[in-house]
Amino acid sequence: MGGCRKAAVAPQSAGQALPVKTVDVSLAPVAQRSEYMGTIMSRRSASMQPQVSGRLTQILVKSGDHVRAGQPLMRIDAQPQLATVDSLRATERQKKALYDYNVVELERQRKLFDAGVISRDAWEQEQQTYANTKADYEASVASRKTQEEQLGYYTVRAPFEGVVGDIPVHVGDYASTTTVLTTVDEHKDLEAYVYIPTERSADVRMGLTVEIYATDGTLIEKSAIDFVSPQVDNALQGILVKAPVHTAGTVRHEQMVKVRVVWTTKPMAVVPVLAVTRLGGQSFVYVLRKQGPGYIAAQVPVVLGDTVENNYSISSGLQQGEKVIVSGTQFLVNNMPVVPLGA
């Protein structure tokens with residue numbers, strides 16, 4: 001025999017007041033914020049371009065590597081430069097031999113002049129010959145040192161501690177002084193770059209609090225504006241502001257983030273999140289209203305602001321001291337009889 005199924009019972013029969021819990025609408029300081037897209041930038045970011053041209057013989061790092069200051073990143077074929085240095089060293093030795101000879105010869109000619117064996121003209125000519133060979137030798141030394149220093153340019157080194165970026169070149173590629181080999185970004189000193197629309201230029205100032213969020217809404221950190229550009233970006237029609245970012249482990253150079261600029265705080269009505277219901281895109285709450293000997297639930301449209309912990313701030317629709325219903329809201333309809341618990 002089939003069992004009997006009980007009919008669903010409505011929470012309240014028609015005309016019977018529904019017991020409800022209420023809370024008083026209170027005022028709380030609420031941040032007045034605007035949200036913009038920002039970009040994380042490193043204060044130290046270098047595009048590595050060689051100071052000499054040649055073919056790449058070694059790539060000693062890969063993208064994402066952490067490198068220290070001065071660490072070799074790549075090497076360029078230095079054989080032609082080594083040949084130049086060897087040639088200059090040979091020339092220097094030749095000049096040194098001639099200079100050493102003239103040092104001895106100058107002393108010999110001085111003794112002959114002092115003894116009256118040679119004329120003053122011969123002595124002065126010998127002095128000039130000595131000076132010329134000395135200058136010639138010193139010039140060859142300077143030239144050799146310059147070319148030896150050039151040898152150092154054939155090893156591309158990290159300018160500071162940081163992280164290696166993309167490496168678009170390969171061993172065997174020819175690199176000129178305009179070729180970008182890679183980038184090195186320091187992750188210790190990061191900044192959030194944000195462009196504020198010019199219509200808010202009067203409100204932008206140093207020290208404004210900013211909240212930096214990942215694109216999924218996760219709060220990265222709170223910071224403050226420490227730079228305001230004196231100029232308007234002509235293309236974006238915005239004012240560049242910067243804020244330091246200290247949580248380097250969670251963000252990277254050129255990462256897009258959401259930035260909320262806190263302009264000020266002001267007291268606003270706040271209600272628990274549970275008190276707010278939505279219908280057809282409209283937000284509303286039920287307010288306890290006196291009617292005759294009892295109470296009704298009056299449906300009141302509200303404009304929501306930001307959340308404050310577990311509460312919504314209310315931009316308009318409520319006044320301080322009103323009682324908002326926070327229980328059984330799914331069963332309420334406009335002007336439905338209710339009885340506040342504890343009344």
# chains A, B, ... in the order shown; residues from 1 in each chain; ligands from 1

$ residues_around --residues "Val204 (chain A)" --least-positions-apart "6" --cutoff "12 Å" --atoms "only C-alpha atoms" --output "number ranges by chain"
A: 34, 194-198, 210, 224-230, 238-242, 261-264

$ write_last_selection --atoms "C-alpha atoms" --output "mmCIF file, in the first residue's frame"
data_model
loop_
_atom_site.group_PDB
_atom_site.id
_atom_site.type_symbol
_atom_site.label_atom_id
_atom_site.label_comp_id
_atom_site.auth_asym_id
_atom_site.auth_seq_id
_atom_site.Cartn_x
_atom_site.Cartn_y
_atom_site.Cartn_z
ATOM 1 C CA SER A 34 37.704 53.895 -7.087
ATOM 2 C CA VAL A 194 48.298 53.489 -12.037
ATOM 3 C CA TYR A 195 46.827 56.129 -14.333
ATOM 4 C CA ILE A 196 44.146 58.246 -12.626
ATOM 5 C CA PRO A 197 41.619 59.944 -14.962
ATOM 6 C CA THR A 198 42.112 63.693 -15.217
ATOM 7 C CA VAL A 210 45.790 52.165 -2.271
ATOM 8 C CA ALA A 224 50.248 54.429 -0.277
ATOM 9 C CA ILE A 225 50.936 56.749 -3.208
ATOM 10 C CA ASP A 226 54.508 58.058 -3.072
ATOM 11 C CA PHE A 227 54.728 59.641 -6.533
ATOM 12 C CA VAL A 228 52.331 61.834 -8.520
ATOM 13 C CA SER A 229 53.378 62.829 -12.026
ATOM 14 C CA PRO A 230 53.285 66.580 -12.706
ATOM 15 C CA GLY A 238 45.524 60.191 -17.085
ATOM 16 C CA ILE A 239 47.920 61.112 -14.308
ATOM 17 C CA LEU A 240 50.544 58.530 -13.435
ATOM 18 C CA VAL A 241 50.800 57.676 -9.748
ATOM 19 C CA LYS A 242 53.061 55.084 -8.141
ATOM 20 C CA VAL A 261 42.422 54.156 -4.542
ATOM 21 C CA VAL A 262 40.893 55.187 -1.204
ATOM 22 C CA TRP A 263 39.954 58.860 -1.562
ATOM 23 C CA THR A 264 38.476 59.336 1.906
#

$ residues_around --residues "Leu60 (chain A)" --least-positions-apart "6" --cutoff "8 Å" --atoms "only C-alpha atoms" --output "VMD selection string"
chain A and resid 72 to 74

$ write_last_selection --atoms "C-alpha atoms" --output "CSV table (one decimal), in the first residue's frame"
chain,number,residue,atom,x,y,z
A,72,PRO,CA,78.2,36.3,-16.7
A,73,LEU,CA,75.1,35.9,-18.8
A,74,MET,CA,76.4,35.4,-22.4

$ atom_distance --atom1 "CA of Val180 (chain A)" --atom2 "CA of Arg43 (chain A)"
19.3 Å

$ residues_around --residues "Pro50 (chain A)" --least-positions-apart "6" --cutoff "9 Å" --atoms "only C-alpha atoms" --output "PyMOL selection string"
chain A and resi 76+153-156+175-181

$ select_by_dssp --residues "region 44-210 of chain A" --states "alpha helix (DSSP H)" --output "PyMOL selection string"
chain A and resi 79-114+120-152

$ select_by_dssp --residues "region 62-195 of chain A" --states "strand (DSSP E)" --output "list of chain:residue names"
A:His66, A:Val67, A:Pro72, A:Leu73, A:Met74, A:Arg75, A:Ile76, A:Thr155, A:Val156, A:Arg157, A:Gly162, A:Val163, A:Val164, A:Tyr174, A:Ala175, A:Thr182, A:Thr183, A:Val184, A:Asp185, A:Leu190, A:Glu191, A:Ala192, A:Tyr193, A:Val194, A:Tyr195

$ closest_residue --among "A:Gly217, A:Pro267, A:Pro80, A:Gly64" --to "Gln320 (chain A)" --atoms "only C-alpha atoms"
A:Pro267

$ closest_residue --among "A:Ala192, A:Ile212, A:Val270, A:Leu112" --to "Ala243 (chain A)" --atoms "only C-alpha atoms"
A:Ala192

$ atom_distance --atom1 "CA of Leu219 (chain A)" --atom2 "CA of Val251 (chain A)"
11.6 Å

$ atom_distance --atom1 "CA of Gly70 (chain A)" --atom2 "CA of Glu191 (chain A)"
24.5 Å

$ closest_residue --among "A:Arg33, A:Arg93, A:Lys323, A:Arg157" --to "Leu288 (chain A)" --atoms "only C-alpha atoms"
A:Lys323
